[in-house]
Structures are given as C-alpha cells and as structure tokens.
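Have a look at my_file.txt; it's compact mmCIF, C-alpha atoms:
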# COMPACT_ATOMS: atom_id res chain seq x y z
CA MET O 250 78.39 85.52 105.68
CA SER O 251 77.54 85.35 101.99
CA ALA O 252 77.91 88.41 99.81
CA PRO O 253 74.73 90.26 98.76
CA ALA O 254 73.56 89.87 95.17
CA ARG O 255 73.95 93.61 94.60
CA MET O 256 76.15 96.17 96.31
CA PRO O 257 74.01 97.81 99.05
CA TRP O 258 75.18 101.34 98.34
CA ALA O 259 72.83 102.92 100.90
CA PHE O 260 74.48 100.85 103.63
CA VAL O 261 78.01 101.53 102.37
CA SER O 262 77.36 105.27 101.94
CA ALA O 263 75.76 105.63 105.37
CA LEU O 264 78.62 103.82 107.11
CA SER O 265 81.18 105.85 105.14
CA LEU O 266 79.51 109.06 106.27
CA THR O 267 79.84 108.04 109.91
CA VAL O 268 83.56 107.32 109.45
CA LEU O 269 84.01 110.79 107.94
CA ILE O 270 82.21 112.39 110.90
CA SER O 271 84.05 110.29 113.47
CA TYR O 272 87.48 111.20 112.10
CA GLY O 273 86.46 114.82 111.62
CA THR O 274 85.07 115.37 115.12
CA ILE O 275 87.50 113.23 117.13
CA PHE O 276 90.78 112.94 115.22
CA TYR O 277 91.13 116.17 113.22
CA ALA O 278 89.18 118.71 115.26
CA PHE O 279 91.38 118.33 118.35
CA ALA O 280 94.17 120.55 117.01
CA LEU O 281 91.80 123.52 116.70
CA PHE O 282 90.93 123.41 120.41
CA VAL O 283 94.52 123.57 121.62
CA ASP O 284 94.96 127.37 121.44
CA PRO O 285 91.58 128.45 122.91
CA MET O 286 91.83 125.89 125.71
CA GLY O 287 95.40 126.93 126.46
CA ARG O 288 94.38 130.60 126.71
CA GLU O 289 91.39 129.94 128.97
CA LEU O 290 92.74 127.16 131.20
CA GLY O 291 96.46 127.93 131.14
CA TRP O 292 97.48 124.49 129.92
CA SER O 293 100.47 124.15 127.62
CA LYS O 294 100.34 122.63 124.15
CA SER O 295 102.50 119.76 125.33
CA ASP O 296 100.03 119.06 128.16
CA LEU O 297 97.13 118.96 125.74
CA MET O 298 98.93 116.88 123.13
CA ALA O 299 100.00 114.40 125.82
CA ALA O 300 96.34 113.58 126.52
CA TYR O 301 95.68 113.18 122.79
CA SER O 302 98.66 110.85 122.39
CA LEU O 303 97.46 108.85 125.38
CA ALA O 304 94.09 108.34 123.64
CA LEU O 305 95.82 107.03 120.53
CA GLY O 306 97.86 104.67 122.67
CA MET O 307 94.78 103.44 124.56
CA SER O 308 92.95 102.79 121.30
CA ALA O 309 95.66 100.30 120.37
CA PHE O 310 94.83 98.06 123.32
CA PHE O 311 91.15 97.89 122.38
CA ALA O 312 91.79 97.10 118.70
CA VAL O 313 91.86 93.29 118.95
CA PRO O 314 88.87 92.86 121.34
CA VAL O 315 86.79 95.23 119.19
CA GLY O 316 87.73 93.31 116.04
CA ARG O 317 86.82 90.03 117.73
CA LEU O 318 83.38 91.35 118.74
CA ILE O 319 82.70 92.46 115.17
CA ASP O 320 83.77 89.06 113.83
CA LEU O 321 81.22 87.52 116.22
CA GLY O 322 78.47 89.69 114.74
CA TYR O 323 78.28 92.56 117.23
CA GLY O 324 79.21 95.35 114.82
CA ARG O 325 76.02 97.29 115.54
CA THR O 326 76.65 97.25 119.28
CA VAL O 327 80.33 98.16 118.93
CA MET O 328 79.92 101.06 116.51
CA THR O 329 76.71 102.45 118.03
CA GLY O 330 78.25 102.28 121.50
CA GLY O 331 81.43 103.93 120.22
CA SER O 332 79.48 106.86 118.80
CA VAL O 333 77.38 107.27 121.95
CA LEU O 334 80.56 107.21 124.03
CA ALA O 335 82.23 109.78 121.75
CA ALA O 336 79.23 112.11 122.09
CA ALA O 337 79.23 111.77 125.88
CA LEU O 338 82.96 112.40 126.14
CA LEU O 339 82.82 115.45 123.86
CA ALA O 340 80.02 116.83 126.03
CA LEU O 341 82.07 116.20 129.18
CA TRP O 342 85.08 117.84 127.52
CA SER O 343 83.00 120.97 126.95
CA GLN O 344 82.60 121.33 130.73
CA VAL O 345 86.13 120.42 131.77
CA GLU O 346 88.03 122.56 134.28
CA SER O 347 90.51 120.02 135.66
CA TYR O 348 93.47 118.67 133.72
CA SER O 349 93.15 115.26 135.38
CA ALA O 350 89.52 115.05 134.22
CA PHE O 351 90.63 116.03 130.71
CA VAL O 352 93.20 113.21 130.68
CA LEU O 353 90.60 110.69 131.85
CA ILE O 354 88.20 111.85 129.12
CA TRP O 355 90.82 111.25 126.45
CA MET O 356 91.85 107.90 127.88
CA ALA O 357 88.22 106.82 127.49
CA MET O 358 88.17 108.37 124.00
CA GLY O 359 90.67 105.69 123.01
CA LEU O 360 87.87 103.11 123.28
CA SER O 361 85.63 105.23 121.07
CA MET O 362 88.41 105.63 118.47
CA SER O 363 88.88 101.87 118.29
CA SER O 364 85.13 101.43 117.76
CA VAL O 365 84.31 103.99 115.06
CA PHE O 366 87.41 104.57 112.88
CA TYR O 367 88.43 102.76 109.71
CA GLU O 368 89.28 99.31 111.11
CA PRO O 369 85.86 98.59 112.69
CA GLY O 370 84.16 100.08 109.63
CA PHE O 371 86.20 97.82 107.36
CA ALA O 372 85.38 94.79 109.52
CA VAL O 373 81.63 95.53 109.44
CA LEU O 374 81.78 95.93 105.65
CA ALA O 375 83.74 92.69 105.28
CA ARG O 376 81.19 90.77 107.34
CA ARG O 377 78.19 92.30 105.57
CA LEU O 378 79.50 92.30 101.98
CA GLY O 379 81.73 89.23 101.80
CA PHE O 380 83.72 89.02 98.58
CA VAL O 381 82.46 92.38 97.26
CA ALA O 382 83.76 94.22 100.32
CA ARG O 383 86.75 95.54 98.34
CA ARG O 384 84.60 98.10 96.53
CA GLY O 385 82.87 99.14 99.73
CA ILE O 386 86.14 99.54 101.62
CA THR O 387 87.65 101.60 98.79
CA PHE O 388 84.55 103.82 98.73
CA MET O 389 84.74 104.27 102.51
CA THR O 390 88.35 105.46 102.32
CA LEU O 391 87.45 107.91 99.54
CA VAL O 392 84.69 109.44 101.65
CA GLY O 393 86.73 109.35 104.87
CA GLY O 394 89.56 111.14 103.09
CA PHE O 395 87.49 114.32 103.14
CA ALA O 396 87.16 114.36 106.95
CA SER O 397 89.78 117.07 107.45
CA THR O 398 88.53 119.04 104.42
CA VAL O 399 85.04 119.19 105.91
CA PHE O 400 85.60 119.39 109.65
CA ILE O 401 88.68 121.56 110.05
CA PRO O 402 87.01 124.65 108.51
CA LEU O 403 83.65 123.74 110.08
CA THR O 404 85.17 123.40 113.55
CA HIS O 405 87.10 126.65 113.06
CA VAL O 406 83.84 128.49 112.29
CA LEU O 407 82.07 126.89 115.26
CA ILE O 408 84.84 127.93 117.67
CA GLU O 409 84.97 131.43 116.17
CA TYR O 410 81.25 132.09 116.56
CA LEU O 411 80.21 129.88 119.50
CA GLY O 412 83.37 129.49 121.58
CA TRP O 413 85.23 126.24 122.08
CA ARG O 414 82.91 124.81 124.71
CA SER O 415 79.74 125.22 122.65
CA ALA O 416 81.57 124.02 119.56
CA LEU O 417 82.28 120.73 121.34
CA LEU O 418 78.57 120.30 122.07
CA VAL O 419 77.82 120.69 118.36
CA LEU O 420 80.41 118.04 117.53
CA ALA O 421 78.87 115.79 120.19
CA GLY O 422 75.54 116.28 118.41
CA PHE O 423 77.00 114.99 115.15
CA ASN O 424 78.08 111.80 116.91
CA ILE O 425 74.84 111.08 118.75
CA LEU O 426 72.32 112.28 116.14
CA VAL O 427 74.02 111.11 112.96
CA CYS O 428 76.65 108.45 113.72
CA ALA O 429 74.89 106.57 116.52
CA THR O 430 71.58 106.68 114.65
CA VAL O 431 73.10 105.42 111.38
CA HIS O 432 74.97 102.63 113.16
CA ALA O 433 71.84 101.53 115.02
CA VAL O 434 69.64 101.60 111.91
CA PHE O 435 71.90 100.39 109.11
CA ILE O 436 74.22 97.81 110.69
CA PRO O 437 72.56 94.39 110.99
CA PRO O 438 71.88 93.14 114.53
CA ALA O 439 74.03 90.53 116.23
CA LEU O 440 74.19 87.38 114.14
CA LYS O 441 75.40 83.90 114.88
CA ALA O 442 79.06 83.27 114.17
CA HIS O 443 80.04 81.53 110.94
CA PRO O 444 79.53 77.76 111.27
CA ARG O 445 83.27 77.13 110.88
CA SER O 446 83.92 79.03 114.09
CA ALA O 447 80.71 78.24 115.96
CA GLY O 448 82.49 76.05 118.50
CA ALA O 449 85.19 78.58 119.32
CA PRO O 450 85.09 80.37 122.67
CA SER O 451 83.61 83.81 122.21
CA ARG O 452 86.36 85.66 124.06
CA ALA O 453 89.41 83.64 123.05
CA LEU O 454 91.53 84.50 120.05
CA PRO O 455 90.44 81.95 117.41
CA ALA O 456 92.91 79.29 116.28
CA SER O 457 93.01 80.63 112.71
CA ALA O 458 93.98 84.07 114.01
CA ARG O 459 96.62 82.58 116.32
CA SER O 460 98.11 80.74 113.36
CA VAL O 461 98.57 84.07 111.58
CA LEU O 462 100.76 85.21 114.47
CA ARG O 463 103.14 82.33 113.76
CA ARG O 464 103.80 83.48 110.20
CA ALA O 465 106.90 85.53 109.42
CA SER O 466 105.06 87.20 106.53
CA PHE O 467 102.50 88.62 108.98
CA TRP O 468 105.19 90.22 111.15
CA CYS O 469 106.93 91.63 108.07
CA PHE O 470 103.59 93.16 107.02
CA VAL O 471 103.16 94.61 110.51
CA ALA O 472 106.70 96.04 110.38
CA ALA O 473 106.02 97.66 106.99
CA SER O 474 102.76 99.14 108.32
CA VAL O 475 104.33 100.36 111.57
CA LEU O 476 107.23 102.09 109.78
CA GLN O 477 104.95 103.74 107.24
CA GLY O 478 102.60 104.78 110.05
CA LEU O 479 105.49 106.35 111.94
CA ILE O 480 106.07 108.77 109.06
CA ALA O 481 102.38 109.31 108.32
CA ALA O 482 101.68 110.34 111.91
CA GLY O 483 104.92 112.09 112.81
CA LEU O 484 105.77 114.19 109.81
CA PRO O 485 102.58 116.25 109.19
CA ILE O 486 102.83 117.95 112.59
CA HIS O 487 106.44 118.95 111.84
CA LEU O 488 106.14 119.59 108.09
CA ILE O 489 105.50 123.35 108.16
CA PRO O 490 108.41 124.14 110.54
CA LEU O 491 110.60 121.72 108.53
CA LEU O 492 109.88 123.57 105.29
CA THR O 493 110.30 127.03 106.80
CA GLU O 494 113.64 125.92 108.28
CA ARG O 495 114.72 124.92 104.77
CA GLY O 496 113.99 128.39 103.40
CA TYR O 497 110.38 128.17 102.25
CA GLY O 498 108.05 131.03 103.07
CA LEU O 499 105.19 130.31 105.45
CA GLU O 500 102.64 130.75 102.66
CA MET O 501 104.39 128.21 100.44
CA ALA O 502 104.80 125.78 103.37
CA VAL O 503 101.10 126.01 104.18
CA ALA O 504 100.21 125.59 100.50
CA ALA O 505 102.37 122.47 100.29
CA PHE O 506 100.74 121.07 103.43
CA SER O 507 97.28 121.70 101.96
CA ILE O 508 98.13 119.45 99.00
CA ILE O 509 98.53 116.34 101.17
CA GLY O 510 94.81 115.82 101.88
CA PRO O 511 93.63 116.03 98.25
CA ALA O 512 96.61 113.90 97.20
CA GLN O 513 95.48 111.17 99.61
CA VAL O 514 92.06 111.09 97.98
CA ALA O 515 93.56 111.28 94.47
CA GLY O 516 95.88 108.38 95.28
CA ARG O 517 92.96 106.27 96.48
CA MET O 518 90.96 107.09 93.36
CA ALA O 519 93.89 106.16 91.13
CA MET O 520 94.32 102.97 93.13
CA ALA O 521 90.65 102.07 92.66
CA ALA O 522 91.06 102.54 88.90
CA GLY O 523 94.39 100.73 88.56
CA GLU O 524 94.17 97.93 91.11
CA ARG O 525 93.01 95.38 88.51
CA ALA O 526 96.07 96.10 86.38
CA PHE O 527 98.64 95.86 89.18
CA GLY O 528 96.91 93.61 91.70
CA MET O 529 96.91 94.48 95.39
CA LYS O 530 100.46 93.20 95.89
CA GLY O 531 101.81 95.29 93.02
CA THR O 532 99.83 98.27 94.25
CA GLY O 533 101.47 97.91 97.66
CA ILE O 534 104.90 98.11 96.05
CA VAL O 535 103.87 101.25 94.16
CA THR O 536 102.39 102.75 97.34
CA LEU O 537 105.53 102.38 99.42
CA GLY O 538 107.73 103.22 96.45
CA LEU O 539 106.03 106.61 96.23
CA GLY O 540 107.03 107.25 99.84
CA VAL O 541 110.67 106.43 99.09
CA LEU O 542 110.58 108.72 96.06
CA ALA O 543 109.07 111.56 98.10
CA PHE O 544 111.79 111.52 100.76
CA ALA O 545 114.57 111.00 98.24
CA LEU O 546 113.31 114.14 96.44
CA LEU O 547 112.84 116.40 99.49
CA PRO O 548 116.53 117.07 100.36
CA LEU O 549 117.28 117.85 96.70
CA LEU O 550 114.68 120.60 96.33
CA PRO O 551 116.02 124.17 96.13
CA ALA O 552 114.71 126.48 98.85
CA GLY O 553 111.50 128.14 97.73
CA SER O 554 111.03 125.84 94.73
CA TRP O 555 107.46 125.08 93.71
CA LEU O 556 108.63 121.47 93.27
CA VAL O 557 107.85 121.06 96.97
CA ALA O 558 104.31 120.48 95.69
CA ALA O 559 105.57 117.28 94.04
CA PHE O 560 106.90 116.06 97.40
CA ALA O 561 103.57 116.81 99.10
CA ALA O 562 101.64 115.04 96.34
CA LEU O 563 103.83 111.92 96.49
CA PHE O 564 103.73 111.83 100.29
CA GLY O 565 99.95 112.33 100.41
CA ALA O 566 99.23 109.76 97.70
CA SER O 567 101.38 107.16 99.47
CA ASN O 568 99.60 107.74 102.78
CA GLY O 569 96.16 107.55 101.23
CA MET O 570 96.87 104.40 99.26
CA MET O 571 98.44 102.64 102.26
CA THR O 572 95.11 102.82 104.11
CA ILE O 573 93.55 100.65 101.39
CA VAL O 574 96.54 98.30 101.19
CA ARG O 575 96.30 97.65 104.95
CA ALA O 576 92.57 96.98 104.59
CA LEU O 577 92.49 94.79 101.47
CA LEU O 578 95.79 92.91 101.30
CA PRO O 579 95.66 91.00 104.64
CA PRO O 580 92.66 88.84 103.57
CA GLU O 581 94.55 87.96 100.39
CA LEU O 582 97.67 87.07 102.36
CA PHE O 583 96.32 85.60 105.58
CA GLY O 584 92.79 84.44 104.76
CA ARG O 585 89.36 86.04 105.02
CA GLU O 586 88.33 84.39 108.26
CA ASN O 587 88.43 86.56 111.41
CA TYR O 588 89.03 89.72 109.38
CA GLY O 589 88.28 92.01 112.33
CA VAL O 590 90.73 90.27 114.66
CA VAL O 591 93.53 90.30 112.08
CA GLN O 592 92.91 93.99 111.39
CA GLY O 593 93.05 94.62 115.13
CA MET O 594 96.35 92.73 115.44
CA ILE O 595 97.80 94.98 112.74
CA ALA O 596 96.22 98.16 114.11
CA MET O 597 97.54 97.70 117.66
CA PRO O 598 101.26 98.29 116.95
CA VAL O 599 100.46 100.86 114.25
CA ARG O 600 98.42 102.96 116.69
CA LEU O 601 101.06 102.71 119.39
CA THR O 602 103.56 104.02 116.84
CA THR O 603 101.17 106.77 115.81
CA ALA O 604 100.92 107.92 119.42
CA SER O 605 104.69 108.21 119.84
CA ALA O 606 105.67 109.53 116.41
CA PRO O 607 105.23 113.31 116.91
CA PHE O 608 107.23 113.18 120.16
CA LEU O 609 109.94 111.06 118.53
CA PHE O 610 110.40 113.46 115.62
CA GLY O 611 110.41 116.46 117.95
CA THR O 612 113.04 114.84 120.16
CA LEU O 613 115.20 114.07 117.14
CA TRP O 614 114.93 117.69 115.97
CA ALA O 615 115.93 118.98 119.42
CA TRP O 616 118.89 116.58 119.64
CA TRP O 617 120.23 117.34 116.13
CA GLY O 618 119.38 121.04 116.17
CA SER O 619 117.66 120.94 112.78
CA TYR O 620 115.24 118.87 110.72
CA THR O 621 118.03 117.32 108.64
CA ALA O 622 118.07 114.24 110.87
CA VAL O 623 114.28 113.94 110.56
CA MET O 624 114.52 113.94 106.75
CA ILE O 625 117.27 111.31 106.83
CA LEU O 626 115.24 109.18 109.23
CA CYS O 627 112.12 109.45 107.05
CA LEU O 628 114.05 108.31 103.99
CA ALA O 629 115.59 105.38 105.89
CA ILE O 630 112.21 104.38 107.36
CA SER O 631 110.46 104.54 103.99
CA ILE O 632 113.16 102.33 102.41
CA ALA O 633 112.91 99.87 105.32
CA SER O 634 109.11 99.80 105.02
CA LEU O 635 109.35 98.94 101.33
CA GLY O 636 111.96 96.28 102.16
CA PHE O 637 109.70 94.60 104.72
CA PHE O 638 106.82 94.66 102.25
CA LEU O 639 108.94 92.95 99.59
CA ALA O 640 109.88 90.37 102.24
CA VAL O 641 106.16 89.72 102.78
CA LEU O 642 105.71 88.93 99.10
CA LEU O 643 108.80 86.71 98.96
CA LEU O 644 107.73 84.75 102.05
CA GLN O 645 104.21 84.41 100.68
CA LYS O 646 105.52 83.17 97.35
CA GLN O 647 107.66 80.57 99.13
CA ARG O 648 104.65 79.50 101.17
CA GLU O 649 102.50 79.04 98.05
CA LYS O 650 104.97 76.74 96.24
CA PRO O 651 103.36 73.36 95.38
CA GLU O 652 105.57 71.42 97.80
CA ASN O 653 104.36 73.69 100.63
CA LEU O 654 100.63 73.52 99.92
CA LEU O 655 99.99 70.96 102.65
CA ALA O 656 101.46 73.38 105.18
CA LEU O 657 98.96 76.13 104.42
CA ASP O 658 96.79 77.02 107.36
CA GLY O 659 94.32 79.25 105.50

Transcribe the structure of this file into structure tokens.
Amino acid sequence: MSAPARMPWAFVSALSLTVLISYGTIFYAFALFVDPMGRELGWSKSDLMAAYSLALGMSAFFAVPVGRLIDLGYGRTVMTGGSVLAAALLALWSQVESYSAFVLIWMAMGLSMSSVFYEPGFAVLARRLGFVARRGITFMTLVGGFASTVFIPLTHVLIEYLGWRSALLVLAGFNILVCATVHAVFIPPALKAHPRSAGAPSRALPASARSVLRRASFWCFVAASVLQGLIAAGLPIHLIPLLTERGYGLEMAVAAFSIIGPAQVAGRMAMAAGERAFGMKGTGIVTLGLGVLAFALLPLLPAGSWLVAAFAALFGASNGMMTIVRALLPPELFGRENYGVVQGMIAMPVRLTTASAPFLFGTLWAWWGSYTAVMILCLAISIASLGFFLAVLLLQKQREKPENLLALDG
C-alpha cells in the first residue's frame, strides 16, 4: 500500500490512544486487583499470577495468525474484535466467583492481547503509512509509554472508591466505548492484498516470510529480543525486593522503580531525535549497550546510594528504546513485505519468555538464597543479547556483499 502524501496524524494519534488504553487496562491494571481479589475470594497471589502468565503465553500462539490477517488487510476486524473481546472478558471478570472461570477468562484474554497491543498496532500503521510508518510507530511508542503512568493511579482510585468489581466494569467501558469505536472508525476496512502476494493462499505463511525463517540473522535477532525481553519482564517484579535486600530503604527502592517508566519515554524521545545520526542498526547497539552498562553498574553501587537512580534510568531507557528497535529494524533487515507476520514470528518467542520470566527469577532467588544470582544472570543475559545483535549485523553485512547480491531473497 502506498504511503499517504501527508502524515495522517489524526489516525496515528487515535490508534496510539487505543494502545495506551489497552496496555493500561489489560497489562498494567492487573497487579492492582491481586490484593482485593485475594482478600475477597481467598486466592493466593501465585494463583492469580499463574492465570496472568497463562494469558501472556496464550498471546504468543496468536501472534503470527493475527499478523497474517493484518497483512491481508483485516486490521479493522482484528483490532476492533480484540477490543470488544477485552471489554467482554473484563466484564466477566467482574462477576467471577470460580477460579477455573477466572483462568478461562485470562486464557481468552491472550487473544485480545495479541490483537490490541503494540505489534498489531505497528502492523496496521505499516500497512496504512508505508514508508513513513517509522514516525507513526515512534509516536505510538511515546504515547503507549504513558500507559502505566495514567492507568495505575486511575485504577487505584477506581478500586478505592468503587470496589474491584465495579472498577473492572469501568475499564471494560474504556475498551468498548473508546478502543473498539476508534478501531472501527479510523482503521480502513478490509482491502485486497498487495498484488505481489495476491496469488498466495490466505491462511498459509507466505513464501517471503518462510524465507526469513531460513536466515541465521533472523534467529540471532530473535535471540537478542528474547534475552532482552527476559530481563524486561522478569526484573521489574523483583526490583523492589532486590534493592531492599541490598540495603536500600523501601522509599528509595520505590523511588528508583518510579524512574523506569519516565526513562522509557525519555529513551524513546532521545531515539527519535538521534536515529538519523546513528541509524537504526547503530541505535540498536546503543540500546542493548545501555542494558549491559546498567547491570554492570548495579553490583558496584553502595547500599543506599542515590546512584541507584542511574541504574533505573539506564535500565528504563534500554527497555523503552528496544520496543522501537524491534518494530523498525526488522523491515530494514528482512524486507517490508509481510510486516505483520514477521512481527508475529518475533513476538511469539518473546511473549513466551515474558510469561516465564517472573517465575524463573523467583526460582533462581529461592535456589541461591539471595538476589545476587539474579543480578549475575541479568548481566550475563544483557551481554549475550548484545552479542547476538552484533551477530545480526555481521551476518547482514556478509549477506549484502556484492558477490552475494544474487542470493538475496528480499
């Protein structure tokens, strides 16, 4: 699909707003319901978090089919349906009394997650905007970065004044009245596939996408993304107890944690300003290098030192910037065709890792008896992630040598 003559900012802003709401009401708000649900229903935190992890795992299996549907022009159907489903499931959650019903609700929520989070939003922008999608995707991540800032305090107030069940109905209202409406109105209706792929079976993975799976550089990129995602998902849940174990007061630990969100947005803004200077490949090196620097610094910090803020800022900036790298670099490396499918193929292992990361870090803490092993693991993982990313660039450079041009598959 050809790029519009001018950036359609109303479309980009509306879609970015729905991503903010989707993350805020589905991804971030969950943690605030754990305590009130546990008190009323007698379920443990581990029981509740197991259902949440299951949803993240289920979302991984829908990532590729959802991306394929968006590539075929069904973005409106996918994202509108995802928001309607999220609203229905939040409403059902508000009435839940049985743990088995709660688990089923969150298994189904995995489909909604795969339909309304960043990856489908990026794919819709890429199809609608063409070559100018970079600016739209960057803008979407900037807006989406405020999801926790907006919805954590809002959800807290709703639970405090309305109770957790009524609060869920309000969150359901956001999804049906705002997200579903915006998706239905602003996203173009189903369009014919691009002529180059018109003869491809609608349900089969296209040949160009299958060829990506045969490239070592793709799997190195997936490995870098998976390893970075392991830290991004696993550490935040354990960060406050990690810092208190290392001698920081609770207030300072909470203050350090609160820096991560703004640092993510700041990192994305800096990336938007500096991407022309470094290029997306250079920016990826900087992004993962910041993660290595953060975890190399953490063990060296004296207990109670305000320098912990520097760790939080580096960690947050690296996480925020990696979202854009995962969105914008694959088309440069693997071609622009079938963007949604390729994003889904990357998202699947990343989401599976995300689902297991908190449990993995907790198990490591219990086995070692302290968070020292977790810090060592995070440093090793961040170094390995950077190493795999450098391997991507080396393999890509080898592939682009003149004598290899005839072997390029797009």

(request) Rank nothing, just name the residue among O:Ala340, O:Leu547, O:Leu499, O:Met362 nearest to O:Phe310, using all atoms listed in the file. (result) O:Met362

(message) Here is a test: counting all atoms listed in the file, which residue of O:Ala615, O:Ala375, O:Val345, O:Leu578 is nearest to O:Phe467?
(response) O:Leu578

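Considering all atoms listed in the file, the residue among O:Leu411, O:Leu582, O:Val434, O:Leu537 positioned nearest to O:Ile632 is O:Leu537.
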
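Closest approach to O:Met501 among O:Pro285, O:Leu556, O:Lys530, O:Ser332: O:Leu556, based on only C-alpha atoms.
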
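Nearest to O:Gln645 of all the residues O:Leu407, O:Met389, O:Cys469, O:Ile595 is O:Cys469, counting all atoms listed in the file.
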
(message) To one decimal place in Å, what is the distance between atom CA of O:Pro369 and atom CA of O:Val392?
(response) 15.5 Å

(message) For O:Ala382, find every residue with an atom within 9 Å (counting all atoms listed in the file), except residues of its own chain fewer than 5 positions away, and show them as an MDAnalysis selection string.
(response) chainID O and resid 252 256 371 374:377 387 577

Kindly output stretch 412-428 of chain O as an mmCIF file, in the frame of the given file, after building N, CA, C and O atoms.
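Result went into selection.cif, see below:
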data_model
loop_
_atom_site.group_PDB
_atom_site.id
_atom_site.type_symbol
_atom_site.label_atom_id
_atom_site.label_comp_id
_atom_site.auth_asym_id
_atom_site.auth_seq_id
_atom_site.Cartn_x
_atom_site.Cartn_y
_atom_site.Cartn_z
ATOM 1 N N GLY O 412 82.436 129.793 120.499
ATOM 2 C CA GLY O 412 83.370 129.490 121.580
ATOM 3 C C GLY O 412 83.670 127.995 121.591
ATOM 4 O O GLY O 412 82.885 127.185 121.092
ATOM 5 N N TRP O 413 84.809 127.628 122.178
ATOM 6 C CA TRP O 413 85.230 126.240 122.080
ATOM 7 C C TRP O 413 84.342 125.268 122.835
ATOM 8 O O TRP O 413 84.134 124.132 122.404
ATOM 9 N N ARG O 414 83.754 125.719 123.938
ATOM 10 C CA ARG O 414 82.910 124.810 124.710
ATOM 11 C C ARG O 414 81.615 124.478 123.968
ATOM 12 O O ARG O 414 81.214 123.309 123.874
ATOM 13 N N SER O 415 80.969 125.473 123.420
ATOM 14 C CA SER O 415 79.740 125.220 122.650
ATOM 15 C C SER O 415 80.030 124.462 121.362
ATOM 16 O O SER O 415 79.215 123.643 120.913
ATOM 17 N N ALA O 416 81.189 124.746 120.774
ATOM 18 C CA ALA O 416 81.570 124.020 119.560
ATOM 19 C C ALA O 416 81.660 122.519 119.832
ATOM 20 O O ALA O 416 81.251 121.689 119.000
ATOM 21 N N LEU O 417 82.178 122.139 120.986
ATOM 22 C CA LEU O 417 82.280 120.730 121.340
ATOM 23 C C LEU O 417 80.890 120.086 121.472
ATOM 24 O O LEU O 417 80.705 118.915 121.110
ATOM 25 N N LEU O 418 79.922 120.831 121.962
ATOM 26 C CA LEU O 418 78.570 120.300 122.070
ATOM 27 C C LEU O 418 77.967 120.043 120.688
ATOM 28 O O LEU O 418 77.233 119.064 120.488
ATOM 29 N N VAL O 419 78.286 120.909 119.728
ATOM 30 C CA VAL O 419 77.820 120.690 118.360
ATOM 31 C C VAL O 419 78.451 119.421 117.789
ATOM 32 O O VAL O 419 77.773 118.602 117.160
ATOM 33 N N LEU O 420 79.752 119.245 118.004
ATOM 34 C CA LEU O 420 80.410 118.040 117.530
ATOM 35 C C LEU O 420 79.849 116.791 118.203
ATOM 36 O O LEU O 420 79.716 115.735 117.575
ATOM 37 N N ALA O 421 79.513 116.911 119.488
ATOM 38 C CA ALA O 421 78.870 115.790 120.190
ATOM 39 C C ALA O 421 77.533 115.455 119.521
ATOM 40 O O ALA O 421 77.175 114.278 119.376
ATOM 41 N N GLY O 422 76.808 116.501 119.090
ATOM 42 C CA GLY O 422 75.540 116.280 118.410
ATOM 43 C C GLY O 422 75.695 115.487 117.126
ATOM 44 O O GLY O 422 74.860 114.625 116.807
ATOM 45 N N PHE O 423 76.741 115.760 116.362
ATOM 46 C CA PHE O 423 77.000 114.990 115.150
ATOM 47 C C PHE O 423 77.131 113.498 115.471
ATOM 48 O O PHE O 423 76.624 112.630 114.752
ATOM 49 N N ASN O 424 77.836 113.196 116.559
ATOM 50 C CA ASN O 424 78.080 111.800 116.910
ATOM 51 C C ASN O 424 76.833 111.087 117.399
ATOM 52 O O ASN O 424 76.609 109.926 117.042
ATOM 53 N N ILE O 425 76.011 111.757 118.199
ATOM 54 C CA ILE O 425 74.840 111.080 118.750
ATOM 55 C C ILE O 425 73.678 111.070 117.765
ATOM 56 O O ILE O 425 72.957 110.071 117.628
ATOM 57 N N LEU O 426 73.485 112.180 117.018
ATOM 58 C CA LEU O 426 72.320 112.280 116.140
ATOM 59 C C LEU O 426 72.543 111.629 114.785
ATOM 60 O O LEU O 426 71.599 111.080 114.203
ATOM 61 N N VAL O 427 73.754 111.686 114.278
ATOM 62 C CA VAL O 427 74.020 111.110 112.960
ATOM 63 C C VAL O 427 74.689 109.735 113.094
ATOM 64 O O VAL O 427 74.135 108.720 112.669
ATOM 65 N N CYS O 428 75.886 109.700 113.711
ATOM 66 C CA CYS O 428 76.650 108.450 113.720
ATOM 67 C C CYS O 428 75.942 107.334 114.488
ATOM 68 O O CYS O 428 75.778 106.223 113.963
#
